[in-house]
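Colleague: Let me give you the structure first, and then I'll get to my questions.
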Number of protein chains: 2
Amino acid sequence: MTFFAPTFAQFLEAPPVGAVLTREERDAIQSLNVGPKHYQSHTVISRQGDVEPRIFFLNSGWACVYRDLANGDRQIIDIPLKGDIVGIRAVDGPNYNSLGSITDLSVFEISRHALAKSLQHLPGLSRLFMRAAARQYSIVTEHLTNTGRRNALVRTAHYLQELGARLTAVGEGNEMGYECPLTQHELADVLGLTAIHVNRTLRELRENELVSFRSGFVEFLNKQKLTKLTSFDADYLKMT
Amino acid sequence: MTFFAPTFAQFLEAPPVGAVLTREERDAIQSLNVGPKHYQSHTVISRQGDVEPRIFFLNSGWACVYRDLANGDRQIIDIPLKGDIVGIRAVDGPNYNSLGSITDLSVFEISRHALAKSLQHLPGLSRLFMRAAARQYSIVTEHLTNTGRRNALVRTAHYLQELGARLTAVGEGNEMGYECPLTQHELADVLGLTAIHVNRTLRELRENELVSFRSGFVEFLNKQKLTKLTSFDADYLKMT
DNA sequence: TCGGTAAGTTAACCTAGGTTAGCGAAAGGT
DNA sequence: ACCTTTCGCTAACCTAGGTTAACTTACCGA
């Protein structure tokens, strides 16, 4: 598999970040001199508890940010996709979540320190990262609402719609559907369900002609009916 | 009831923000000229969908950030306490969550625009707000893990411990317990449970001599046993 | 003083989702 | 060609938490 390998500046200009960079900002970014780095599927990139000086810009592939619990359970916090940023923080210190790859990954890795330094006198770029952080916050917020107050059927459907909207924004999906490398087990860890119940729920969504998720592909069977069920509204995914 | 009314600069220097301000930063902040503003208990301050140009700094009292769902349910995303910041975002635009007061509130309200402008050339302050945003992200992350992967007993206990830790950090609680103005219904909307089940769960926690939450007061009955149950670790609340 | 409302409490019952157990298919290694 | 592992799928059963329906305070305002 070959990756489209843009420069880091091109990455920031593409959706979902969609930066409009000044000459000065472009130069500062180029001088960071970061090229894309690759990871194989299903590798742990950063483990909770470790000190993690890097910030990750996901160039292609699917990743997952998760927390392992003492009893062996885990909760997937987010599935970062192409264009997403992982680990935006001001200060170094131990990581609270783990980061792993689901598929093969291409990422830009930058030292938080170096980035902060070059942002020092570029308030426009700082604001950009603030916006990215705010979008991430909206995404968890919705995720929390999903697990706290929606039942398995609606919750699963809503999440499949979110992934669809995010992928469509970066050109990896469309109105009809998208390729989805998640296993039912991983999806369960996202949704706070068991893999077995995810299986039942996916069957029900399929039988009700709402969405189908089979053999690595999510297909929207009736988007209007689906949205009526979930009240899905993609506003929270915008980078305002 | 009277409030201790610090200046906005004093607010930022106190925990949990704990800023160390330079002369220049202090001056910039003073020139914003914000005094505390008061709200009565149980009022809606900002409604989801509205355009909200303000950023809120909670000086005293308990608030709640929540999302209303189409079916009448709601999910409380966070309970901001003294010292917490609500609405850190780079750009204006419609609000995704609502903000309401639980008790009487004293807040500093600042136009996001004005704040961004005065931060323009103070990267230290920008970084401060980044850190605050990162802390907030840790808090929702843990909240999501709580609702997704912990049962009612552990979840409730864990959340009561979180509130205790956050309050203790700002001098409003201690090892023994803290005053808690939440109703069981509000707690249910935090935890993704029904008020009735929260009631059952609180009884169980009390009967097992773990925590007691009665008549506005949370009392830790056996913190060691409690922590063994919840694996609570306050690290995620630090402003690194 | 008397309603009226909001908060807490409990019991009886029900169901969404978890648990256990097992099946077949596909993929990868030797 | 074989074994092993992972993934998807299903059925039978069980339980944590939701639902309905009371009753009890406490507070507040007329």
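Residue numbers start at 1 in each chain; chains themselves are named A, B, ... in the order of the structure tokens; ligands are numbered from 1 in the order shown.
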Would you list the contacts of DT25 of chain D as a list of chain:residue names, taking every protein, DNA or RNA residue within 10 Å and counting only C-alpha atoms (C1' of nucleotides), but skipping same-chain residues closer than 6 positions in sequence?

Modeller: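 Counting only the stated atoms, we get C:DA7, C:DG8, C:DT9.
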
Colleague: Just write the chosen residues, C-alpha atoms (C1' of nucleotides), as an mmCIF file, in the first residue's frame.

Modeller:
```
data_model
loop_
_atom_site.group_PDB
_atom_site.id
_atom_site.type_symbol
_atom_site.label_atom_id
_atom_site.label_comp_id
_atom_site.auth_asym_id
_atom_site.auth_seq_id
_atom_site.Cartn_x
_atom_site.Cartn_y
_atom_site.Cartn_z
ATOM 1 C "C1'" DA C 7 -36.716 15.852 46.788
ATOM 2 C "C1'" DG C 8 -35.954 11.570 48.741
ATOM 3 C "C1'" DT C 9 -37.334 6.710 49.557
#
```

Colleague: Given only C-alpha atoms, how would the per-residue table for chain A near chain B read, listing every residue at most 8 Å away with its closest atom pair and distance in Å to one decimal, sorted by chain and number, as JSON lines?

Modeller:
```
{"residue": "A:Arg67", "atom": "CA", "partner": "B:Thr145", "partner_atom": "CA", "distance": 7.5}
{"residue": "A:Ala70", "atom": "CA", "partner": "B:Ser231", "partner_atom": "CA", "distance": 7.4}
{"residue": "A:Asp73", "atom": "CA", "partner": "B:Arg149", "partner_atom": "CA", "distance": 7.0}
{"residue": "A:Arg74", "atom": "CA", "partner": "B:Arg149", "partner_atom": "CA", "distance": 7.1}
{"residue": "A:Gln75", "atom": "CA", "partner": "B:Thr145", "partner_atom": "CA", "distance": 5.6}
{"residue": "A:Ile77", "atom": "CA", "partner": "B:Thr141", "partner_atom": "CA", "distance": 6.6}
{"residue": "A:Ile88", "atom": "CA", "partner": "B:Ala134", "partner_atom": "CA", "distance": 7.6}
{"residue": "A:Arg89", "atom": "CA", "partner": "B:Ala134", "partner_atom": "CA", "distance": 5.8}
{"residue": "A:Ala90", "atom": "CA", "partner": "B:Arg131", "partner_atom": "CA", "distance": 5.3}
{"residue": "A:Val91", "atom": "CA", "partner": "B:Thr240", "partner_atom": "CA", "distance": 6.7}
{"residue": "A:Asp92", "atom": "CA", "partner": "B:Thr240", "partner_atom": "CA", "distance": 7.7}
{"residue": "A:Gly93", "atom": "CA", "partner": "B:Thr240", "partner_atom": "CA", "distance": 6.6}
{"residue": "A:Tyr96", "atom": "CA", "partner": "B:Tyr236", "partner_atom": "CA", "distance": 6.9}
{"residue": "A:Gln120", "atom": "CA", "partner": "B:Pro123", "partner_atom": "CA", "distance": 5.7}
{"residue": "A:His121", "atom": "CA", "partner": "B:His121", "partner_atom": "CA", "distance": 7.4}
{"residue": "A:Pro123", "atom": "CA", "partner": "B:Gln120", "partner_atom": "CA", "distance": 5.7}
{"residue": "A:Ser126", "atom": "CA", "partner": "B:Ser126", "partner_atom": "CA", "distance": 7.9}
{"residue": "A:Arg127", "atom": "CA", "partner": "B:Ala90", "partner_atom": "CA", "distance": 5.7}
{"residue": "A:Leu128", "atom": "CA", "partner": "B:Ala90", "partner_atom": "CA", "distance": 7.6}
{"residue": "A:Met130", "atom": "CA", "partner": "B:Ala90", "partner_atom": "CA", "distance": 5.7}
{"residue": "A:Arg131", "atom": "CA", "partner": "B:Ala90", "partner_atom": "CA", "distance": 5.3}
{"residue": "A:Ala133", "atom": "CA", "partner": "B:Ala133", "partner_atom": "CA", "distance": 7.7}
{"residue": "A:Ala134", "atom": "CA", "partner": "B:Arg89", "partner_atom": "CA", "distance": 5.8}
{"residue": "A:Tyr137", "atom": "CA", "partner": "B:Tyr137", "partner_atom": "CA", "distance": 6.4}
{"residue": "A:Ser138", "atom": "CA", "partner": "B:Tyr96", "partner_atom": "CA", "distance": 7.5}
{"residue": "A:Val140", "atom": "CA", "partner": "B:Val140", "partner_atom": "CA", "distance": 7.1}
{"residue": "A:Thr141", "atom": "CA", "partner": "B:Ile77", "partner_atom": "CA", "distance": 6.6}
{"residue": "A:His143", "atom": "CA", "partner": "B:Leu144", "partner_atom": "CA", "distance": 7.5}
{"residue": "A:Leu144", "atom": "CA", "partner": "B:Leu144", "partner_atom": "CA", "distance": 5.1}
{"residue": "A:Thr145", "atom": "CA", "partner": "B:Gln75", "partner_atom": "CA", "distance": 5.6}
{"residue": "A:Thr147", "atom": "CA", "partner": "B:Gly148", "partner_atom": "CA", "distance": 5.9}
{"residue": "A:Gly148", "atom": "CA", "partner": "B:Gly192", "partner_atom": "CA", "distance": 4.2}
{"residue": "A:Arg149", "atom": "CA", "partner": "B:Gly192", "partner_atom": "CA", "distance": 5.8}
{"residue": "A:Leu191", "atom": "CA", "partner": "B:Gly148", "partner_atom": "CA", "distance": 6.9}
{"residue": "A:Gly192", "atom": "CA", "partner": "B:Gly148", "partner_atom": "CA", "distance": 4.2}
{"residue": "A:Leu193", "atom": "CA", "partner": "B:Gly148", "partner_atom": "CA", "distance": 7.6}
{"residue": "A:Ser231", "atom": "CA", "partner": "B:Ala70", "partner_atom": "CA", "distance": 7.4}
{"residue": "A:Tyr236", "atom": "CA", "partner": "B:Tyr96", "partner_atom": "CA", "distance": 6.9}
{"residue": "A:Thr240", "atom": "CA", "partner": "B:Gly93", "partner_atom": "CA", "distance": 6.6}
```

Colleague: Suppose you want the space between atom C1' of DT20 of chain D and atom C1' of DG4 of chain C; what is it in Å?

Modeller: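 Taking atom C1' of DT20 of chain D and atom C1' of DG4 of chain C, their separation equals 22.5 Å.
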
Colleague: List the neighbours of Ser118 of chain A out to 9 Å using only C-alpha atoms (C1' of nucleotides); skip same-chain residues closer than 6 positions along the sequence, and give me the result as a PyMOL selection string.

Modeller: chain A and resi 28-29+32

Colleague: Could you write those residues out with N, CA and C atoms, as a PDB file, in the first residue's frame?

Modeller:
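The resulting again_17.pdb:
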```pdb
ATOM      1  N   ALA A  28       7.632  28.884   9.152  1.00  0.00           N
ATOM      2  CA  ALA A  28       7.895  28.340  10.492  1.00  0.00           C
ATOM      3  C   ALA A  28       7.623  26.842  10.504  1.00  0.00           C
ATOM      4  N   ILE A  29       6.569  26.451   9.847  1.00  0.00           N
ATOM      5  CA  ILE A  29       6.189  25.039   9.826  1.00  0.00           C
ATOM      6  C   ILE A  29       7.186  24.222   9.014  1.00  0.00           C
ATOM      7  N   LEU A  32      10.304  23.279  10.776  1.00  0.00           N
ATOM      8  CA  LEU A  32      10.229  22.188  11.754  1.00  0.00           C
ATOM      9  C   LEU A  32      10.737  20.905  11.115  1.00  0.00           C
TER      10      LEU A  32
END
```

Colleague: Find the spatial neighbours of Lys37 of chain B, counting only C-alpha atoms (C1' of nucleotides), within a cut-off of 9 Å - ignore same-chain residues fewer than 5 positions away - and output them as a list in words.

Modeller: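 Surrounding residues, per the criterion: Leu105, Ser106, Val107, Phe108 and Glu109 of chain B.
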
Colleague: Could you save those same residues with C-alpha atoms as a compact mmCIF listing (two decimals), in the first residue's frame?

Modeller:
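File written: part23.txt
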```txt
# COMPACT_ATOMS: atom_id res chain seq x y z
CA LEU B 105 -22.92 31.71 41.18
CA SER B 106 -20.19 34.30 40.98
CA VAL B 107 -18.40 34.34 37.63
CA PHE B 108 -16.03 36.42 35.56
CA GLU B 109 -17.50 36.80 32.09
```

Colleague: Give the strand (DSSP E) residues of segment 6-97 of chain A, as DSSP finds them on the backbone, and put them as a ChimeraX atom specification.

Modeller: /A:37-39,44-46,54-60,63-68,74-78,85-86

Colleague: Atom CA of Ile110 of chain B and atom CA of Ala9 of chain B are how many Å apart?

Modeller: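 According to the coordinates, atom CA of Ile110 of chain B and atom CA of Ala9 of chain B are separated by 12.9 Å.
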
Colleague: As JSON, numbers by chain, could you give me every residue of chain A near chain D (at most 10 Å apart, counting only C-alpha atoms (C1' of nucleotides))?

Modeller: {"A": [183, 184, 185, 195, 196, 199, 200, 203, 214, 215]}

Colleague: Would you save the residues from that selection as a tab-separated table (two decimals), in the first residue's frame, using C-alpha atoms?

Modeller:
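Output saved as part-v6.tsv:
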```tsv
chain	number	residue	atom	x	y	z
A	183	THR	CA	-13.84	-5.10	14.47
A	184	GLN	CA	-17.07	-5.55	16.37
A	185	HIS	CA	-14.98	-5.85	19.49
A	195	ALA	CA	-19.02	-7.34	21.24
A	196	ILE	CA	-21.92	-9.78	21.33
A	199	ASN	CA	-23.37	-7.95	16.82
A	200	ARG	CA	-27.07	-8.16	17.74
A	203	ARG	CA	-28.09	-7.14	12.79
A	214	ARG	CA	-20.53	-6.01	7.01
A	215	SER	CA	-17.12	-7.20	5.88
```

Colleague: Smallest atom-to-atom distance to chain A: which of C:DA21, C:DA6, C:DA16, C:DA27, using only C-alpha atoms (C1' of nucleotides)?

Modeller: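 Closest to chain A of all the choices is C:DA16.
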
Colleague: Run DSSP on the backbone and grab whatever in segment 125-236 of chain B lands in helix (DSSP H, G or I); send it over as number ranges by chain.

Modeller: B: 125-149, 152-169, 184-191, 195-207, 223-230, 234-236

Colleague: Could you tell me how far atom CA of Glu179 of chain A sits from atom CA of Val198 of chain A, in Å to one decimal place?

Modeller: 17.9 Å

Colleague: Could you check the closest approach to chain C for each of B:Glu219, B:Glu186, B:Asp104, B:Glu207 and tell me which residue wins, using only C-alpha atoms (C1' of nucleotides)?

Modeller: B:Glu186

Colleague: Identify every residue of chain C that has at least one atom within 10 Å of any atom of chain A, counting only C-alpha atoms (C1' of nucleotides), and report the result as JSON, numbers by chain.

Modeller: {"C": [16, 17, 18, 19]}

Colleague: Which residues are near Ala169 of chain A? Cut-off 7 Å, only C-alpha atoms (C1' of nucleotides), ignore same chain within fewer than 3 positions. Put them as JSON, numbers by chain.

Modeller: {"A": [15, 16, 165, 166]}

Colleague: Emit the selected residues as an mmCIF file, in the first residue's frame, including C-alpha atoms.

Modeller:
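The file below, selection.cif, is the result:
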```cif
data_model
loop_
_atom_site.group_PDB
_atom_site.id
_atom_site.type_symbol
_atom_site.label_atom_id
_atom_site.label_comp_id
_atom_site.auth_asym_id
_atom_site.auth_seq_id
_atom_site.Cartn_x
_atom_site.Cartn_y
_atom_site.Cartn_z
ATOM 1 C CA PRO A 15 -9.639 19.345 6.009
ATOM 2 C CA PRO A 16 -10.623 18.927 8.732
ATOM 3 C CA ALA A 165 -19.426 12.462 8.448
ATOM 4 C CA ARG A 166 -15.808 12.727 9.563
#
```

Colleague: Name the residues in contact with His38 of chain B at a cut-off of 12 Å, using only C-alpha atoms (C1' of nucleotides), excluding same-chain residues fewer than 2 positions from it; report them as a PyMOL selection string.

Modeller: chain B and resi 1-3+5+35-36+40-41+43+45+56-61+101+103-109

Colleague: With N, CA and C atoms retained, export the selected residues as a PDB file, in the first residue's frame.

Modeller:
```pdb
ATOM      1  N   MET B   1     -26.076  35.464  51.558  1.00  0.00           N
ATOM      2  CA  MET B   1     -24.736  34.886  51.387  1.00  0.00           C
ATOM      3  C   MET B   1     -23.798  35.890  50.742  1.00  0.00           C
ATOM      4  N   THR B   2     -22.605  35.990  51.276  1.00  0.00           N
ATOM      5  CA  THR B   2     -21.625  36.895  50.685  1.00  0.00           C
ATOM      6  C   THR B   2     -20.526  36.083  50.009  1.00  0.00           C
ATOM      7  N   PHE B   3     -19.968  36.647  48.957  1.00  0.00           N
ATOM      8  CA  PHE B   3     -18.916  35.969  48.233  1.00  0.00           C
ATOM      9  C   PHE B   3     -17.584  36.634  48.513  1.00  0.00           C
ATOM     10  N   ALA B   5     -14.681  38.076  46.850  1.00  0.00           N
ATOM     11  CA  ALA B   5     -14.600  38.570  45.482  1.00  0.00           C
ATOM     12  C   ALA B   5     -13.195  38.991  45.105  1.00  0.00           C
ATOM     13  N   GLY B  35     -15.141  42.516  36.421  1.00  0.00           N
ATOM     14  CA  GLY B  35     -15.520  42.285  37.806  1.00  0.00           C
ATOM     15  C   GLY B  35     -16.408  41.065  37.852  1.00  0.00           C
ATOM     16  N   PRO B  36     -16.569  40.455  39.018  1.00  0.00           N
ATOM     17  CA  PRO B  36     -17.422  39.278  39.107  1.00  0.00           C
ATOM     18  C   PRO B  36     -18.886  39.634  38.868  1.00  0.00           C
ATOM     19  N   GLN B  40     -28.378  33.737  40.003  1.00  0.00           N
ATOM     20  CA  GLN B  40     -29.124  32.989  41.012  1.00  0.00           C
ATOM     21  C   GLN B  40     -29.067  31.502  40.688  1.00  0.00           C
ATOM     22  N   SER B  41     -29.395  30.702  41.684  1.00  0.00           N
ATOM     23  CA  SER B  41     -29.377  29.258  41.475  1.00  0.00           C
ATOM     24  C   SER B  41     -30.446  28.871  40.441  1.00  0.00           C
ATOM     25  N   THR B  43     -30.578  28.864  37.131  1.00  0.00           N
ATOM     26  CA  THR B  43     -30.900  29.679  35.962  1.00  0.00           C
ATOM     27  C   THR B  43     -30.070  29.187  34.783  1.00  0.00           C
ATOM     28  N   ILE B  45     -27.803  30.005  31.817  1.00  0.00           N
ATOM     29  CA  ILE B  45     -26.922  31.119  31.496  1.00  0.00           C
ATOM     30  C   ILE B  45     -26.654  31.161  29.998  1.00  0.00           C
ATOM     31  N   PHE B  56     -16.468  31.884  30.512  1.00  0.00           N
ATOM     32  CA  PHE B  56     -16.849  32.028  31.912  1.00  0.00           C
ATOM     33  C   PHE B  56     -15.764  31.484  32.829  1.00  0.00           C
ATOM     34  N   PHE B  57     -15.463  32.251  33.852  1.00  0.00           N
ATOM     35  CA  PHE B  57     -14.506  31.814  34.869  1.00  0.00           C
ATOM     36  C   PHE B  57     -15.243  31.719  36.174  1.00  0.00           C
ATOM     37  N   LEU B  58     -15.375  30.517  36.701  1.00  0.00           N
ATOM     38  CA  LEU B  58     -16.241  30.298  37.847  1.00  0.00           C
ATOM     39  C   LEU B  58     -15.550  30.637  39.151  1.00  0.00           C
ATOM     40  N   ASN B  59     -16.075  31.645  39.787  1.00  0.00           N
ATOM     41  CA  ASN B  59     -15.466  32.219  40.962  1.00  0.00           C
ATOM     42  C   ASN B  59     -15.949  31.535  42.247  1.00  0.00           C
ATOM     43  N   SER B  60     -17.242  31.244  42.282  1.00  0.00           N
ATOM     44  CA  SER B  60     -17.785  30.450  43.389  1.00  0.00           C
ATOM     45  C   SER B  60     -19.128  29.885  42.991  1.00  0.00           C
ATOM     46  N   GLY B  61     -19.517  28.796  43.649  1.00  0.00           N
ATOM     47  CA  GLY B  61     -20.790  28.140  43.366  1.00  0.00           C
ATOM     48  C   GLY B  61     -20.628  26.919  42.466  1.00  0.00           C
ATOM     49  N   SER B 101     -26.756  27.362  36.200  1.00  0.00           N
ATOM     50  CA  SER B 101     -26.274  27.391  37.573  1.00  0.00           C
ATOM     51  C   SER B 101     -27.022  26.363  38.393  1.00  0.00           C
ATOM     52  N   THR B 103     -26.178  26.220  42.138  1.00  0.00           N
ATOM     53  CA  THR B 103     -26.307  27.123  43.286  1.00  0.00           C
ATOM     54  C   THR B 103     -26.220  28.554  42.769  1.00  0.00           C
ATOM     55  N   ASP B 104     -26.275  29.521  43.675  1.00  0.00           N
ATOM     56  CA  ASP B 104     -25.919  30.885  43.306  1.00  0.00           C
ATOM     57  C   ASP B 104     -24.472  30.876  42.819  1.00  0.00           C
ATOM     58  N   LEU B 105     -24.203  31.759  41.863  1.00  0.00           N
ATOM     59  CA  LEU B 105     -22.919  31.714  41.179  1.00  0.00           C
ATOM     60  C   LEU B 105     -22.262  33.083  41.146  1.00  0.00           C
ATOM     61  N   SER B 106     -20.948  33.088  41.272  1.00  0.00           N
ATOM     62  CA  SER B 106     -20.191  34.301  40.982  1.00  0.00           C
ATOM     63  C   SER B 106     -19.198  33.957  39.884  1.00  0.00           C
ATOM     64  N   VAL B 107     -19.253  34.665  38.770  1.00  0.00           N
ATOM     65  CA  VAL B 107     -18.399  34.340  37.627  1.00  0.00           C
ATOM     66  C   VAL B 107     -17.746  35.591  37.052  1.00  0.00           C
ATOM     67  N   PHE B 108     -16.595  35.400  36.436  1.00  0.00           N
ATOM     68  CA  PHE B 108     -16.026  36.425  35.562  1.00  0.00           C
ATOM     69  C   PHE B 108     -16.445  36.087  34.147  1.00  0.00           C
ATOM     70  N   GLU B 109     -17.107  37.028  33.483  1.00  0.00           N
ATOM     71  CA  GLU B 109     -17.497  36.798  32.095  1.00  0.00           C
ATOM     72  C   GLU B 109     -16.648  37.687  31.204  1.00  0.00           C
TER      73      GLU B 109
END
```
